[in-house]
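Next comes upload-v9.cif, a file with mmCIF, N, CA and C atoms.
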data_upload
loop_
_atom_site.label_atom_id
_atom_site.label_comp_id
_atom_site.auth_asym_id
_atom_site.auth_seq_id
_atom_site.Cartn_x
_atom_site.Cartn_y
_atom_site.Cartn_z
N MET L 1 110.96 110.92 82.55
CA MET L 1 112.03 111.01 83.52
C MET L 1 111.71 110.12 84.72
N THR L 2 112.69 109.34 85.17
CA THR L 2 112.48 108.47 86.32
C THR L 2 113.11 109.06 87.57
N THR L 3 112.58 108.64 88.69
CA THR L 3 113.07 109.08 89.99
C THR L 3 113.27 107.85 90.85
N THR L 4 114.30 107.85 91.67
CA THR L 4 114.49 106.76 92.62
C THR L 4 113.98 107.23 93.97
N ARG L 5 113.08 106.44 94.53
CA ARG L 5 112.45 106.78 95.80
C ARG L 5 112.89 105.80 96.88
N GLU L 6 113.32 106.32 98.02
CA GLU L 6 113.68 105.48 99.16
C GLU L 6 112.42 105.16 99.96
N VAL L 7 112.27 103.90 100.33
CA VAL L 7 111.15 103.48 101.17
C VAL L 7 111.74 103.08 102.52
N ARG L 8 111.25 103.72 103.58
CA ARG L 8 111.76 103.49 104.92
C ARG L 8 110.67 102.96 105.85
N ILE L 9 111.10 102.38 106.96
CA ILE L 9 110.14 101.90 107.96
C ILE L 9 109.40 103.10 108.52
N PRO L 10 108.06 103.04 108.51
CA PRO L 10 107.29 104.17 109.06
C PRO L 10 107.42 104.26 110.58
N LYS L 11 106.95 105.34 111.12
CA LYS L 11 106.94 105.55 112.56
C LYS L 11 106.08 104.47 113.20
N PHE L 12 106.60 103.86 114.26
CA PHE L 12 105.84 102.85 114.98
C PHE L 12 104.70 103.54 115.74
N PRO L 13 103.56 102.88 115.90
CA PRO L 13 102.45 103.49 116.63
C PRO L 13 102.84 103.84 118.07
N ASP L 14 102.37 104.98 118.56
CA ASP L 14 102.67 105.42 119.93
C ASP L 14 102.23 104.39 120.96
N CYS L 15 101.16 103.67 120.66
CA CYS L 15 100.63 102.70 121.63
C CYS L 15 101.62 101.57 121.92
N TRP L 16 102.58 101.30 121.00
CA TRP L 16 103.53 100.22 121.24
C TRP L 16 104.34 100.48 122.50
N ASP L 17 104.70 101.75 122.75
CA ASP L 17 105.44 102.09 123.96
C ASP L 17 104.53 102.13 125.17
N ALA L 18 103.28 102.54 124.96
CA ALA L 18 102.36 102.74 126.07
C ALA L 18 101.90 101.43 126.69
N CYS L 19 101.48 100.48 125.85
CA CYS L 19 100.91 99.26 126.43
C CYS L 19 101.78 98.02 126.22
N GLY L 20 102.57 98.01 125.16
CA GLY L 20 103.46 96.88 124.91
C GLY L 20 102.77 95.61 124.50
N GLN L 21 101.50 95.66 124.11
CA GLN L 21 100.78 94.45 123.75
C GLN L 21 101.15 93.92 122.36
N CYS L 22 101.49 94.80 121.44
CA CYS L 22 101.80 94.37 120.07
C CYS L 22 103.28 94.11 119.86
N ALA L 23 104.10 95.00 120.35
CA ALA L 23 105.54 94.88 120.12
C ALA L 23 106.22 94.51 121.42
N SER L 24 106.64 93.27 121.52
CA SER L 24 107.39 92.86 122.70
C SER L 24 108.74 92.35 122.24
N GLY L 25 109.80 92.96 122.71
CA GLY L 25 111.13 92.56 122.29
C GLY L 25 111.54 93.24 120.99
N ASP L 26 112.52 92.65 120.32
CA ASP L 26 113.05 93.22 119.09
C ASP L 26 112.06 93.08 117.94
N ILE L 27 112.10 94.02 117.02
CA ILE L 27 111.32 93.96 115.80
C ILE L 27 112.29 93.58 114.69
N PHE L 28 111.90 92.58 113.89
CA PHE L 28 112.81 92.13 112.84
C PHE L 28 112.03 91.82 111.56
N VAL L 29 112.79 91.68 110.47
CA VAL L 29 112.22 91.37 109.17
C VAL L 29 111.89 89.88 109.14
N GLU L 30 110.61 89.57 109.02
CA GLU L 30 110.18 88.17 108.94
C GLU L 30 110.33 87.64 107.52
N SER L 31 109.90 88.44 106.53
CA SER L 31 109.95 88.02 105.13
C SER L 31 110.24 89.21 104.23
N VAL L 32 111.06 88.99 103.22
CA VAL L 32 111.27 89.97 102.15
C VAL L 32 110.54 89.42 100.94
N LEU L 33 109.57 90.18 100.43
CA LEU L 33 108.68 89.67 99.39
C LEU L 33 108.96 90.25 98.01
N VAL L 34 110.05 91.01 97.87
CA VAL L 34 110.41 91.60 96.57
C VAL L 34 111.87 91.34 96.26
N THR L 35 112.21 91.45 94.97
CA THR L 35 113.59 91.28 94.52
C THR L 35 113.93 92.41 93.54
N VAL L 36 115.22 92.63 93.35
CA VAL L 36 115.67 93.64 92.41
C VAL L 36 115.13 93.31 91.02
N GLY L 37 114.61 94.34 90.34
CA GLY L 37 114.06 94.18 89.01
C GLY L 37 112.56 93.90 88.99
N GLN L 38 111.99 93.62 90.13
CA GLN L 38 110.56 93.30 90.22
C GLN L 38 109.71 94.56 90.13
N ALA L 39 108.64 94.49 89.36
CA ALA L 39 107.66 95.58 89.29
C ALA L 39 106.72 95.47 90.48
N VAL L 40 106.43 96.59 91.11
CA VAL L 40 105.48 96.63 92.22
C VAL L 40 104.44 97.70 91.96
N LYS L 41 103.28 97.50 92.53
CA LYS L 41 102.19 98.47 92.48
C LYS L 41 102.03 99.07 93.87
N ARG L 42 101.45 100.26 93.92
CA ARG L 42 101.15 100.89 95.20
C ARG L 42 100.36 99.89 96.06
N ASP L 43 100.73 99.78 97.31
CA ASP L 43 100.11 98.91 98.32
C ASP L 43 100.52 97.44 98.23
N ASP L 44 101.36 97.04 97.26
CA ASP L 44 101.92 95.68 97.29
C ASP L 44 102.80 95.57 98.54
N THR L 45 102.79 94.43 99.18
CA THR L 45 103.61 94.23 100.37
C THR L 45 105.07 94.04 99.97
N LEU L 46 105.95 94.85 100.57
CA LEU L 46 107.39 94.77 100.32
C LEU L 46 108.06 93.79 101.28
N ILE L 47 107.77 93.96 102.57
CA ILE L 47 108.32 93.08 103.61
C ILE L 47 107.26 92.86 104.67
N MET L 48 107.48 91.82 105.48
CA MET L 48 106.66 91.59 106.67
C MET L 48 107.58 91.70 107.88
N LEU L 49 107.10 92.42 108.90
CA LEU L 49 107.83 92.54 110.15
C LEU L 49 107.24 91.61 111.19
N GLU L 50 108.06 91.15 112.10
CA GLU L 50 107.61 90.38 113.25
C GLU L 50 107.88 91.24 114.48
N THR L 51 106.84 91.49 115.27
CA THR L 51 106.97 92.38 116.42
C THR L 51 106.98 91.63 117.74
N GLY L 52 106.96 90.32 117.71
CA GLY L 52 106.86 89.54 118.93
C GLY L 52 105.48 88.96 119.10
N LYS L 53 104.45 89.75 118.78
CA LYS L 53 103.07 89.27 118.89
C LYS L 53 102.28 89.48 117.61
N VAL L 54 102.76 90.34 116.73
CA VAL L 54 102.00 90.71 115.54
C VAL L 54 102.93 90.70 114.33
N ALA L 55 102.45 90.18 113.20
CA ALA L 55 103.15 90.32 111.93
C ALA L 55 102.57 91.55 111.25
N LEU L 56 103.42 92.39 110.71
CA LEU L 56 103.00 93.67 110.14
C LEU L 56 103.51 93.78 108.71
N ASP L 57 102.61 93.99 107.74
CA ASP L 57 103.00 94.19 106.34
C ASP L 57 103.42 95.63 106.12
N ILE L 58 104.51 95.83 105.38
CA ILE L 58 104.95 97.16 104.97
C ILE L 58 104.71 97.27 103.47
N PRO L 59 103.76 98.15 103.06
CA PRO L 59 103.39 98.24 101.65
C PRO L 59 104.25 99.23 100.88
N SER L 60 104.23 99.08 99.57
CA SER L 60 104.88 100.04 98.69
C SER L 60 104.05 101.32 98.64
N PRO L 61 104.69 102.48 98.72
CA PRO L 61 103.95 103.74 98.64
C PRO L 61 103.66 104.18 97.21
N CYS L 62 104.19 103.41 96.22
CA CYS L 62 104.05 103.85 94.83
C CYS L 62 104.25 102.67 93.87
N ASP L 63 103.90 102.89 92.61
CA ASP L 63 104.21 101.94 91.54
C ASP L 63 105.66 102.14 91.13
N GLY L 64 106.33 101.07 90.71
CA GLY L 64 107.69 101.22 90.21
C GLY L 64 108.41 99.90 90.09
N ILE L 65 109.73 99.99 89.93
CA ILE L 65 110.61 98.84 89.80
C ILE L 65 111.60 98.86 90.97
N ILE L 66 111.74 97.74 91.65
CA ILE L 66 112.68 97.63 92.76
C ILE L 66 114.11 97.69 92.19
N VAL L 67 114.91 98.66 92.63
CA VAL L 67 116.29 98.76 92.16
C VAL L 67 117.30 98.36 93.23
N GLU L 68 116.84 98.31 94.50
CA GLU L 68 117.73 97.86 95.58
C GLU L 68 116.88 97.39 96.74
N VAL L 69 117.25 96.24 97.30
CA VAL L 69 116.63 95.73 98.52
C VAL L 69 117.68 95.87 99.62
N CYS L 70 117.35 96.57 100.68
CA CYS L 70 118.33 96.94 101.70
C CYS L 70 118.22 96.14 103.00
N VAL L 71 117.30 95.17 103.05
CA VAL L 71 117.13 94.34 104.24
C VAL L 71 117.08 92.88 103.84
N GLU L 72 117.32 92.01 104.80
CA GLU L 72 117.23 90.58 104.61
C GLU L 72 116.38 89.99 105.72
N GLU L 73 115.87 88.79 105.48
CA GLU L 73 115.11 88.11 106.52
C GLU L 73 115.94 87.99 107.79
N ASN L 74 115.27 88.17 108.92
CA ASN L 74 115.84 88.09 110.27
C ASN L 74 116.67 89.31 110.67
N ASP L 75 116.78 90.33 109.80
CA ASP L 75 117.46 91.56 110.20
C ASP L 75 116.65 92.28 111.26
N PRO L 76 117.30 92.79 112.33
CA PRO L 76 116.58 93.68 113.24
C PRO L 76 116.28 94.98 112.50
N ILE L 77 115.20 95.65 112.86
CA ILE L 77 114.81 96.84 112.13
C ILE L 77 114.22 97.87 113.07
N ALA L 78 114.38 99.13 112.72
CA ALA L 78 113.87 100.23 113.56
C ALA L 78 113.22 101.28 112.67
N GLU L 79 112.52 102.21 113.31
CA GLU L 79 111.91 103.32 112.58
C GLU L 79 112.93 104.00 111.69
N ASN L 80 112.51 104.35 110.49
CA ASN L 80 113.29 105.10 109.51
C ASN L 80 114.40 104.30 108.83
N ASP L 81 114.54 103.02 109.14
CA ASP L 81 115.52 102.20 108.42
C ASP L 81 115.10 102.07 106.96
N LEU L 82 116.07 102.08 106.07
CA LEU L 82 115.81 101.96 104.64
C LEU L 82 115.46 100.51 104.29
N ILE L 83 114.33 100.33 103.57
CA ILE L 83 113.87 98.99 103.17
C ILE L 83 114.31 98.71 101.74
N VAL L 84 113.83 99.55 100.80
CA VAL L 84 114.11 99.37 99.39
C VAL L 84 114.24 100.74 98.71
N ARG L 85 114.78 100.70 97.50
CA ARG L 85 114.74 101.84 96.61
C ARG L 85 113.90 101.43 95.40
N ILE L 86 112.98 102.31 95.01
CA ILE L 86 112.08 102.03 93.89
C ILE L 86 112.26 103.10 92.84
N GLU L 87 112.42 102.67 91.59
CA GLU L 87 112.48 103.61 90.47
C GLU L 87 111.05 103.83 89.97
N THR L 88 110.66 105.09 89.94
CA THR L 88 109.30 105.43 89.53
C THR L 88 109.35 106.25 88.24
N ALA L 89 108.26 106.19 87.49
CA ALA L 89 108.19 106.94 86.24
C ALA L 89 107.80 108.39 86.48
#

Would it be possible to restate this file's structure as structure tokens?
Amino acid sequence: MTTTREVRIPKFPDCWDACGQCASGDIFVESVLVTVGQAVKRDDTLIMLETGKVALDIPSPCDGIIVEVCVEENDPIAENDLIVRIETA
């Protein structure tokens, strides 16, 4: 039996609000590294975020097949935004 799992942007670190050294300005999708139909393994990078000062990889939480990509390069992004849907075994 397969399950479709939604992968969302994780909670941003509390320090981003406190010191502002890593995230300055808008956070956006720098690169989308997966496509529909692609097999991914746990910890494979799905997308890269640009925070103004730091590029941040967002990894897959599980093995599976990408069934939907919900972001594009240069999209602004926030906590809990949907990135992809992955079909898992």

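Of note, atom CA of L:Val69 and atom CA of L:Lys11 are spaced 19.7 Å apart.
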
Using only N, CA and C atoms, which protein or nucleic acid residues come within 8 Å of L:Leu33? Drop anything in the same chain fewer than 5 positions from it, and give the result as a PDB file with N, CA and C atoms, in the coordinates of the input.
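The result, stored in selection-v3.pdb:
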ATOM      1  N   THR L  45     102.790  94.430  99.180  1.00  0.00           N
ATOM      2  CA  THR L  45     103.610  94.230 100.370  1.00  0.00           C
ATOM      3  C   THR L  45     105.070  94.040  99.970  1.00  0.00           C
ATOM      4  N   LEU L  46     105.950  94.850 100.570  1.00  0.00           N
ATOM      5  CA  LEU L  46     107.390  94.770 100.320  1.00  0.00           C
ATOM      6  C   LEU L  46     108.060  93.790 101.280  1.00  0.00           C
ATOM      7  N   ILE L  47     107.770  93.960 102.570  1.00  0.00           N
ATOM      8  CA  ILE L  47     108.320  93.080 103.610  1.00  0.00           C
ATOM      9  C   ILE L  47     107.260  92.860 104.670  1.00  0.00           C
ATOM     10  N   MET L  48     107.480  91.820 105.480  1.00  0.00           N
ATOM     11  CA  MET L  48     106.660  91.590 106.670  1.00  0.00           C
ATOM     12  C   MET L  48     107.580  91.700 107.880  1.00  0.00           C
TER      13      MET L  48
END

Legend entry - Answer key for the PyMOL selection byres ((chain L and resi 60) around 6), residues as a PyMOL selection string: chain L and resi 41-46+58-59+61-62

Given the file above and the PyMOL selection byres (((chain L and resi 35 and name CA) around 12) and name CA), which residues are selected, and can you give them as a PDB file with N, CA and C atoms, keeping the file's coordinate frame?
ATOM      1  N   SER L  31     109.900  88.440 106.530  1.00  0.00           N
ATOM      2  CA  SER L  31     109.950  88.020 105.130  1.00  0.00           C
ATOM      3  C   SER L  31     110.240  89.210 104.230  1.00  0.00           C
ATOM      4  N   VAL L  32     111.060  88.990 103.220  1.00  0.00           N
ATOM      5  CA  VAL L  32     111.270  89.970 102.150  1.00  0.00           C
ATOM      6  C   VAL L  32     110.540  89.420 100.940  1.00  0.00           C
ATOM      7  N   LEU L  33     109.570  90.180 100.430  1.00  0.00           N
ATOM      8  CA  LEU L  33     108.680  89.670  99.390  1.00  0.00           C
ATOM      9  C   LEU L  33     108.960  90.250  98.010  1.00  0.00           C
ATOM     10  N   VAL L  34     110.050  91.010  97.870  1.00  0.00           N
ATOM     11  CA  VAL L  34     110.410  91.600  96.570  1.00  0.00           C
ATOM     12  C   VAL L  34     111.870  91.340  96.260  1.00  0.00           C
ATOM     13  N   VAL L  36     115.220  92.630  93.350  1.00  0.00           N
ATOM     14  CA  VAL L  36     115.670  93.640  92.410  1.00  0.00           C
ATOM     15  C   VAL L  36     115.130  93.310  91.020  1.00  0.00           C
ATOM     16  N   GLY L  37     114.610  94.340  90.340  1.00  0.00           N
ATOM     17  CA  GLY L  37     114.060  94.180  89.010  1.00  0.00           C
ATOM     18  C   GLY L  37     112.560  93.900  88.990  1.00  0.00           C
ATOM     19  N   GLN L  38     111.990  93.620  90.130  1.00  0.00           N
ATOM     20  CA  GLN L  38     110.560  93.300  90.220  1.00  0.00           C
ATOM     21  C   GLN L  38     109.710  94.560  90.130  1.00  0.00           C
ATOM     22  N   ALA L  39     108.640  94.490  89.360  1.00  0.00           N
ATOM     23  CA  ALA L  39     107.660  95.580  89.290  1.00  0.00           C
ATOM     24  C   ALA L  39     106.720  95.470  90.480  1.00  0.00           C
ATOM     25  N   VAL L  40     106.430  96.590  91.110  1.00  0.00           N
ATOM     26  CA  VAL L  40     105.480  96.630  92.220  1.00  0.00           C
ATOM     27  C   VAL L  40     104.440  97.700  91.960  1.00  0.00           C
ATOM     28  N   THR L  45     102.790  94.430  99.180  1.00  0.00           N
ATOM     29  CA  THR L  45     103.610  94.230 100.370  1.00  0.00           C
ATOM     30  C   THR L  45     105.070  94.040  99.970  1.00  0.00           C
ATOM     31  N   LEU L  46     105.950  94.850 100.570  1.00  0.00           N
ATOM     32  CA  LEU L  46     107.390  94.770 100.320  1.00  0.00           C
ATOM     33  C   LEU L  46     108.060  93.790 101.280  1.00  0.00           C
ATOM     34  N   ILE L  47     107.770  93.960 102.570  1.00  0.00           N
ATOM     35  CA  ILE L  47     108.320  93.080 103.610  1.00  0.00           C
ATOM     36  C   ILE L  47     107.260  92.860 104.670  1.00  0.00           C
ATOM     37  N   ILE L  65     109.730  99.990  89.930  1.00  0.00           N
ATOM     38  CA  ILE L  65     110.610  98.840  89.800  1.00  0.00           C
ATOM     39  C   ILE L  65     111.600  98.860  90.970  1.00  0.00           C
ATOM     40  N   ILE L  66     111.740  97.740  91.650  1.00  0.00           N
ATOM     41  CA  ILE L  66     112.680  97.630  92.760  1.00  0.00           C
ATOM     42  C   ILE L  66     114.110  97.690  92.190  1.00  0.00           C
ATOM     43  N   VAL L  67     114.910  98.660  92.630  1.00  0.00           N
ATOM     44  CA  VAL L  67     116.290  98.760  92.160  1.00  0.00           C
ATOM     45  C   VAL L  67     117.300  98.360  93.230  1.00  0.00           C
ATOM     46  N   GLU L  68     116.840  98.310  94.500  1.00  0.00           N
ATOM     47  CA  GLU L  68     117.730  97.860  95.580  1.00  0.00           C
ATOM     48  C   GLU L  68     116.880  97.390  96.740  1.00  0.00           C
ATOM     49  N   VAL L  69     117.250  96.240  97.300  1.00  0.00           N
ATOM     50  CA  VAL L  69     116.630  95.730  98.520  1.00  0.00           C
ATOM     51  C   VAL L  69     117.680  95.870  99.620  1.00  0.00           C
ATOM     52  N   CYS L  70     117.350  96.570 100.680  1.00  0.00           N
ATOM     53  CA  CYS L  70     118.330  96.940 101.700  1.00  0.00           C
ATOM     54  C   CYS L  70     118.220  96.140 103.000  1.00  0.00           C
ATOM     55  N   VAL L  71     117.300  95.170 103.050  1.00  0.00           N
ATOM     56  CA  VAL L  71     117.130  94.340 104.240  1.00  0.00           C
ATOM     57  C   VAL L  71     117.080  92.880 103.840  1.00  0.00           C
ATOM     58  N   GLU L  72     117.320  92.010 104.800  1.00  0.00           N
ATOM     59  CA  GLU L  72     117.230  90.580 104.610  1.00  0.00           C
ATOM     60  C   GLU L  72     116.380  89.990 105.720  1.00  0.00           C
ATOM     61  N   ILE L  83     114.330 100.330 103.570  1.00  0.00           N
ATOM     62  CA  ILE L  83     113.870  98.990 103.170  1.00  0.00           C
ATOM     63  C   ILE L  83     114.310  98.710 101.740  1.00  0.00           C
ATOM     64  N   VAL L  84     113.830  99.550 100.800  1.00  0.00           N
ATOM     65  CA  VAL L  84     114.110  99.370  99.390  1.00  0.00           C
ATOM     66  C   VAL L  84     114.240 100.740  98.710  1.00  0.00           C
ATOM     67  N   ARG L  85     114.780 100.700  97.500  1.00  0.00           N
ATOM     68  CA  ARG L  85     114.740 101.840  96.610  1.00  0.00           C
ATOM     69  C   ARG L  85     113.900 101.430  95.400  1.00  0.00           C
ATOM     70  N   ILE L  86     112.980 102.310  95.010  1.00  0.00           N
ATOM     71  CA  ILE L  86     112.080 102.030  93.890  1.00  0.00           C
ATOM     72  C   ILE L  86     112.260 103.100  92.840  1.00  0.00           C
TER      73      ILE L  86
END

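Using the PyMOL selection byres ((chain L and resi 3) around 6.5) on this structure selects Met1, Thr2, Thr4, Arg5, Ile86, Glu87, Thr88 and Ala89 of chain L.
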
Inset, instruction - One decimal, Å: what's the distance from atom C of L:Lys53 over to atom N of L:Glu6, could you say? - result: 28.1 Å

Inset, instruction - Per DSSP on the backbone, filter chain L down to the residues in helix (DSSP H, G or I) and report them as a PyMOL selection string. - result: chain L and resi 15-18

Inset, instruction - Determine the nearest neighbour of L:Ile27 from the options L:Leu82, L:Val54, L:Ile77, L:Ile9, counting only C-alpha atoms. - result: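 Distance minimum relative to L:Ile27 lands on L:Ile77.
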
Inset, instruction - Tell me, in Å to one decimal, how far atom CA of L:Asp75 is from atom CA of L:Phe28. - result: 5.4 Å

Legend entry - Shell of 7 Å around L:Pro10, all atoms listed in the file, local chain residues under 5 positions omitted, as a list in words: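 Selected residues are Ala78, Glu79, Asn80 and Asp81 of chain L.
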
Legend entry - strand (DSSP E or B) per DSSP on the backbone: members of chain L, as a ChimeraX atom specification: /L:3-8,23-32,39-40,45-52,55-59,64-69,76,82-88
